[in-house]
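Colleague: Pasting a structure below so you can have a look.
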There are 2 protein chains.
Amino acid sequence: MVTIQDVAKEAGVSAATVSRVLNNNHSVSIKTREKVKKVIKDLNYQPNLLGRNLRRMETRMVLVFLYNISNPFYSKIVEGMETIAHKNGYNVLMCNTNAKIETEQIYLNFIKNKLVDGIIFTSPAMRHKALSELAKDYPIVLCNEYERNTQAPVVTIDNEEAGYDAVNHLIRLGHKKIALIGSCQVRSGYERELGYRKALKEVGIEINESYIIRDVGSYKGGIIGVKKLLALKEKPTALFCISDLIAIGAIKQLKKNKLRVPEDIAVIGFDNNRIANMYDPSLTTIAQPRYDIGKKAMELMIKRIKGNLTSNPIIKLQHELIIRDSTLPIMQ
Amino acid sequence: MVTIQDVAKEAGVSAATVSRVLNNNHSVSIKTREKVKKVIKDLNYQPNLLGRNLRRMETRMVLVFLYNISNPFYSKIVEGMETIAHKNGYNVLMCNTNAKIETEQIYLNFIKNKLVDGIIFTSPAMRHKALSELAKDYPIVLCNEYERNTQAPVVTIDNEEAGYDAVNHLIRLGHKKIALIGSCQVRSGYERELGYRKALKEVGIEINESYIIRDVGSYKGGIIGVKKLLALKEKPTALFCISDLIAIGAIKQLKKNKLRVPEDIAVIGFDNNRIANMYDPSLTTIAQPRYDIGKKAMELMIKRIKGNLTSNPIIKLQHELIIRDSTLPIMQ
DNA sequence: CTGTTAGCGCGTTCAC
DNA sequence: GTGAACGCGCTAACAG
């Protein structure tokens, strides 16, 4: 292994000078700099960052906690994070937490043990009290999911307003019997339900509690939800699913029951998942500004690492309704 | 920050003894051990791994290069890797390479700079010569994609045989006019085409080169492929797509042309992507043993790190044909 | 502009 | 069973 000492010796300078060249310190004469650079190249010297990191007591790495990398929702978010990170000399690493507190604990040690400078949570399994404690001592940023009392910087959208917009779209298409399939175990789901209620209330539609299918998630949740809804006497004409995967499960089950989407029943999803456009029919959905969410989260993170962020802002970015083939004006 | 020195002082022992306790070294009396453990807890001491890593000249971290985390194909693979890694005291981190050589270079420095002990490539953008050079100096393992001459350990499936099995399934259903949509830019795609040719040849079906749509990939590739095939005079009755995403694009385009799947045209995919089961119709496909691929890759990696792997094996695990709704015996 | 010195936190070696 | 001393590779502070 080639060390900074080897380079120094070979170039006839001190290690400090080599270090200065490595770090683009201006106070090195052009001649010395060139000489050192040549030796670095000749010896194929690779700085050992373990030494540098120990000395500087930082790693310039940020770790992103992902529930599961297979959730395509997060890829654009991570891209946004990478853009800002690279611009600031940081690198982004990711890990799967599988929504398990134990797995989170393993990777939490990365920050406690100084292996990374900060952690961005996308959907924390641990409770907000523990998170808030953590955020006091370490740079922590939350992305998308949070709880009301969490004391940490947050970047997200206004889920209530987004839910409102989704349901309002169905209302404007003439629908009155609108069902909701989703999970309220996470705050975003809860807020989307609030938006659903607000939209219905606003136009004087009474809320039918049996139209609200809670605590189901993902593809299977959509199937379960539709089964329950189709067992009702008065079936809904439209469905607001709080995620695209739920919507897809729902549509598949509707088709199984010979119901056409959107002719017999309109379906709207949430997230603008990649598959939303690929599915048949393509999904009307709410798009989150994922790239910008990622950028903003990393901006906050780097500010926080550098000590330039002392408050805990909750930043809400703008969502967007994307109209595709799964919703249509109601047939009379 | 609490250091090992602080713990030592508080416990009335030397730093060396604290270190021994931390590393479960047996030569510490039970009494001292308990005392030290108590102080560690009281002071909430977190060992600074930057120091340890520098001293040991290892990080016990393995980095996985992912083309893009949004590719759900890799999530099970990574899970397999994590299982083996954790069992051996290693941790798994991931990064997006976006199939860009420049991005790969950034993260390649992680291993050169000692920040990780090894790198697993899933679909390298860099060429096999550079990879082979790298593998001489650093622990490198390839997962799925490789080239004939790459000198590094590889874990994959037998893509030719898998392609053969897929096409043979169509043949046994009575199909004779079988088209192929896929990309030959990667070796796996090329080998699947070889299997396609072998299966047809074996039963004496002459290969119609206009049935082979190359250099298209992903969802859009499926759409493009079907457009080309439907422009032919003699249309195929079955389609072998070398990925599920291609298959989904193909099916969507077929439906657009009022062709029913599987009644009018059978479609088979590849990968057993999560969406394969969710799509309508659900996809017949080839499943790769993803969890086992990940496990095996990490096993090789850890062996390699520890110097117990000097050859470059190519390990091929067993695939499986999954029959669902997108294929049916041909209608006469 | 450059070299010397010191030390980041830890684990290991060698005494005892 | 334990402590003292050393050094991993690097950079910051200081002196010149």
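Labels for the structure tokens follow display order: chains A, B, ..., residues from 1 in each chain, ligands from 1.
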Only residues of chain C matter here; which ones have an atom within 10 Å of chain B, counting only C-alpha atoms (C1' of nucleotides)? Give them as a VMD selection string.

Modeller: chain C and resid 8 to 12

Colleague: Given the selection you just returned, output its residues as a file containing C-alpha atoms (C1' of nucleotides), formatted as a PDB file, in the first residue's frame.

Modeller:
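Written file, selection02.pdb:
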ATOM      1  C1'  DC C   8      -7.396  12.320  15.914  1.00  0.00           C
ATOM      2  C1'  DG C   9      -9.401   7.105  18.583  1.00  0.00           C
ATOM      3  C1'  DC C  10      -8.394   2.815  18.546  1.00  0.00           C
ATOM      4  C1'  DG C  11      -6.134  -2.017  18.848  1.00  0.00           C
ATOM      5  C1'  DT C  12      -2.016  -4.638  19.380  1.00  0.00           C
TER       6       DT C  12
END

Colleague: Identify all residues of range 101-210 of chain A in strand (DSSP E) (DSSP on the backbone) and supply them as a PyMOL selection string.

Modeller: chain A and resi 118-121+140-143+154-157+178-181

Colleague: If you fit chain A onto chain B using every C-alpha atom, paired in order, what RMSD in Å do you get?

Modeller: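 Overlaying the two chains on their C-alpha atoms yields 0.1 Å.
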
Colleague: Could you list the residues in chain A lying within 8 Å of chain B, using only C-alpha atoms, and format the result as a ChimeraX atom specification?

Modeller: /A:46-51,53-54,57,68-75,92-95,112-115,219,248-249,252,278-280

Colleague: Would you mind listing what lies within 10 Å of DA5 in chain D as a list in words, with only C-alpha atoms (C1' of nucleotides) counted and same-chain residues fewer than 2 positions away left out?

Modeller: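 Here the qualifying residues turn out to be DT13 and DC14 of chain C; DG3 and DG7 of chain D.
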
Colleague: Which residues in range 172-244 of chain B does DSSP call alpha helix (DSSP H)? List them as an MDAnalysis selection string.

Modeller: chainID B and resid 172 187:202 218:230 244

Colleague: Grab the CA of Lys9 in chain A to CA of Lys35 in chain A distance for me, in Å with one decimal place.

Modeller: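 CA of Lys35 in chain A lies 11.9 Å from CA of Lys9 in chain A.
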
Colleague: Restrict the distance test to only C-alpha atoms (C1' of nucleotides), flag each residue of chain D within 12 Å of chain B, and return the flagged residues as a VMD selection string.

Modeller: chain D and resid 1 to 10

Colleague: Based on the selection just made, write C-alpha atoms (C1' of nucleotides) of those residues as a JSON list (two decimals), in the first residue's frame.

Modeller:
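Just written: part_11.json:
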[["chain", "number", "residue", "atom", "x", "y", "z"],
["D", 1, "DG", "C1'", -4.96, -10.23, 33.83],
["D", 2, "DT", "C1'", -3.40, -5.66, 32.95],
["D", 3, "DG", "C1'", -0.92, -1.31, 31.49],
["D", 4, "DA", "C1'", 2.49, 1.41, 28.73],
["D", 5, "DA", "C1'", 3.94, 2.50, 24.47],
["D", 6, "DC", "C1'", 3.41, 2.68, 19.76],
["D", 7, "DG", "C1'", 1.53, 3.55, 15.33],
["D", 8, "DC", "C1'", -2.39, 3.03, 11.66],
["D", 9, "DG", "C1'", -2.63, 7.60, 7.60],
["D", 10, "DC", "C1'", -3.71, 11.81, 7.56]]

Colleague: Which residues, written as a list in words, have at least one atom at most 10 Å from Ser210 in chain A, with only C-alpha atoms (C1' of nucleotides) counted and residues fewer than 6 positions away on the same chain left out?

Modeller: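 Listing them by chain and then by number gives Ala179, Leu180, Lys228, Leu229 and Leu232 of chain A.
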
Colleague: Please produce a file of those selected residues containing C-alpha atoms, as a compact mmCIF listing (two decimals), in the first residue's frame.

Modeller:
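File selection_14.txt, as written:
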# COMPACT_ATOMS: atom_id res chain seq x y z
CA ALA A 179 -64.88 5.14 -1.40
CA LEU A 180 -61.43 5.30 0.18
CA LYS A 228 -65.25 -5.43 1.07
CA LEU A 229 -66.72 -2.63 -1.02
CA LEU A 232 -71.98 -3.56 0.21

Colleague: Neighbouring residues of range 197-206 of chain A were defined as those with any atom within 9 Å, considering only C-alpha atoms (C1' of nucleotides); residues of the same chain fewer than 3 positions away were excluded. Please report them as a list in words.

Modeller: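 Contacts, in chain order: Glu160, Gly163, Tyr164, Asp165, Ala166, Val167, Asn168, Ile171, Lys176, Lys177, Ile178, Arg192, Glu193 and Leu194 of chain A.
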
Colleague: How would the residues just picked look written out with N, CA and C atoms as a PDB file, in the first residue's frame?

Modeller:
ATOM      1  N   GLU A 160     -52.994  16.343   3.208  1.00  0.00           N
ATOM      2  CA  GLU A 160     -54.427  16.604   3.340  1.00  0.00           C
ATOM      3  C   GLU A 160     -54.936  17.301   2.080  1.00  0.00           C
ATOM      4  N   GLY A 163     -55.043  14.848  -0.803  1.00  0.00           N
ATOM      5  CA  GLY A 163     -56.208  13.970  -0.729  1.00  0.00           C
ATOM      6  C   GLY A 163     -57.465  14.720  -1.147  1.00  0.00           C
ATOM      7  N   TYR A 164     -57.520  15.956  -0.700  1.00  0.00           N
ATOM      8  CA  TYR A 164     -58.648  16.812  -1.072  1.00  0.00           C
ATOM      9  C   TYR A 164     -58.721  16.969  -2.588  1.00  0.00           C
ATOM     10  N   ASP A 165     -57.611  17.265  -3.197  1.00  0.00           N
ATOM     11  CA  ASP A 165     -57.580  17.465  -4.651  1.00  0.00           C
ATOM     12  C   ASP A 165     -57.993  16.204  -5.407  1.00  0.00           C
ATOM     13  N   ALA A 166     -57.535  15.070  -4.932  1.00  0.00           N
ATOM     14  CA  ALA A 166     -57.860  13.809  -5.597  1.00  0.00           C
ATOM     15  C   ALA A 166     -59.368  13.580  -5.562  1.00  0.00           C
ATOM     16  N   VAL A 167     -59.943  13.715  -4.379  1.00  0.00           N
ATOM     17  CA  VAL A 167     -61.370  13.445  -4.226  1.00  0.00           C
ATOM     18  C   VAL A 167     -62.193  14.514  -4.948  1.00  0.00           C
ATOM     19  N   ASN A 168     -61.716  15.721  -4.891  1.00  0.00           N
ATOM     20  CA  ASN A 168     -62.406  16.804  -5.578  1.00  0.00           C
ATOM     21  C   ASN A 168     -62.477  16.541  -7.087  1.00  0.00           C
ATOM     22  N   ILE A 171     -65.275  14.266  -7.593  1.00  0.00           N
ATOM     23  CA  ILE A 171     -66.546  14.976  -7.396  1.00  0.00           C
ATOM     24  C   ILE A 171     -66.907  15.785  -8.644  1.00  0.00           C
ATOM     25  N   LYS A 176     -70.554  10.782  -6.574  1.00  0.00           N
ATOM     26  CA  LYS A 176     -71.023  11.098  -5.227  1.00  0.00           C
ATOM     27  C   LYS A 176     -70.702   9.965  -4.275  1.00  0.00           C
ATOM     28  N   LYS A 177     -70.753   8.746  -4.828  1.00  0.00           N
ATOM     29  CA  LYS A 177     -70.461   7.587  -3.971  1.00  0.00           C
ATOM     30  C   LYS A 177     -68.977   7.239  -4.120  1.00  0.00           C
ATOM     31  N   ILE A 178     -68.190   7.866  -3.293  1.00  0.00           N
ATOM     32  CA  ILE A 178     -66.735   7.744  -3.412  1.00  0.00           C
ATOM     33  C   ILE A 178     -66.171   7.005  -2.208  1.00  0.00           C
ATOM     34  N   ARG A 192     -54.393  12.099   4.239  1.00  0.00           N
ATOM     35  CA  ARG A 192     -55.126  11.976   2.972  1.00  0.00           C
ATOM     36  C   ARG A 192     -56.602  11.690   3.257  1.00  0.00           C
ATOM     37  N   GLU A 193     -56.853  10.933   4.296  1.00  0.00           N
ATOM     38  CA  GLU A 193     -58.245  10.678   4.673  1.00  0.00           C
ATOM     39  C   GLU A 193     -58.922  11.979   5.124  1.00  0.00           C
ATOM     40  N   LEU A 194     -58.181  12.803   5.839  1.00  0.00           N
ATOM     41  CA  LEU A 194     -58.739  14.101   6.242  1.00  0.00           C
ATOM     42  C   LEU A 194     -59.151  14.906   5.015  1.00  0.00           C
TER      43      LEU A 194
END

Colleague: One number please: CA of Val261 in chain A to CA of Gly269 in chain B, in Å, one decimal.

Modeller: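 Rounded to one decimal, the two atoms are 25.1 Å apart.
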
Colleague: Residues near DA15 in chain D, anyone? I mean within 12 Å using only C-alpha atoms (C1' of nucleotides), not counting same-chain ones fewer than 3 positions away, as a PDB file with C-alpha atoms (C1' of nucleotides), in the first residue's frame.

Modeller:
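Contents of result-v5.pdb, freshly written:
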ATOM      1  C1'  DT C   2       7.386  24.483   3.238  1.00  0.00           C
ATOM      2  C1'  DG C   3       8.764  21.335   7.099  1.00  0.00           C
ATOM      3  C1'  DT C   4       8.172  19.820  11.908  1.00  0.00           C
ATOM      4  C1'  DT C   5       5.371  18.337  15.357  1.00  0.00           C
TER       5       DT C   5
END

Colleague: Fewer than 2 positions away in the same chain doesn't count, so skip those; otherwise give me all residues within 6 Å of range 289-303 of chain B, counting only C-alpha atoms (C1' of nucleotides), as a PyMOL selection string.

Modeller: chain B and resi 76-78+80-81+84+155+305-306+308-309

Colleague: Using only N, CA and C atoms, please write the residues we just selected to a file, as a compact mmCIF listing (two decimals), in the first residue's frame.

Modeller:
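Result written to selection10.txt:
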# COMPACT_ATOMS: atom_id res chain seq x y z
N LYS B 76 -34.71 -8.40 -3.70
CA LYS B 76 -34.54 -9.72 -3.08
C LYS B 76 -33.06 -10.13 -3.07
N ILE B 77 -32.38 -9.75 -4.10
CA ILE B 77 -30.95 -10.05 -4.17
C ILE B 77 -30.22 -9.39 -3.02
N VAL B 78 -30.53 -8.13 -2.80
CA VAL B 78 -29.87 -7.40 -1.72
C VAL B 78 -30.24 -8.02 -0.37
N GLY B 80 -30.76 -11.12 0.24
CA GLY B 80 -29.90 -12.29 0.39
C GLY B 80 -28.50 -11.88 0.82
N MET B 81 -28.00 -10.83 0.20
CA MET B 81 -26.67 -10.34 0.56
C MET B 81 -26.63 -9.93 2.02
N ILE B 84 -26.36 -12.89 4.64
CA ILE B 84 -25.02 -13.45 4.81
C ILE B 84 -24.07 -12.44 5.44
N VAL B 155 -21.81 -14.63 -10.01
CA VAL B 155 -22.97 -15.44 -9.65
C VAL B 155 -24.10 -15.05 -10.58
N ILE B 305 -12.59 -11.35 0.57
CA ILE B 305 -12.02 -10.35 1.48
C ILE B 305 -11.03 -11.02 2.42
N LYS B 306 -11.41 -12.20 2.88
CA LYS B 306 -10.56 -12.89 3.85
C LYS B 306 -9.42 -13.66 3.19
N ASN B 308 -9.68 -16.14 1.12
CA ASN B 308 -9.95 -17.56 0.93
C ASN B 308 -10.52 -17.89 -0.45
N LEU B 309 -10.40 -16.95 -1.35
CA LEU B 309 -10.91 -17.21 -2.69
C LEU B 309 -9.90 -16.66 -3.69
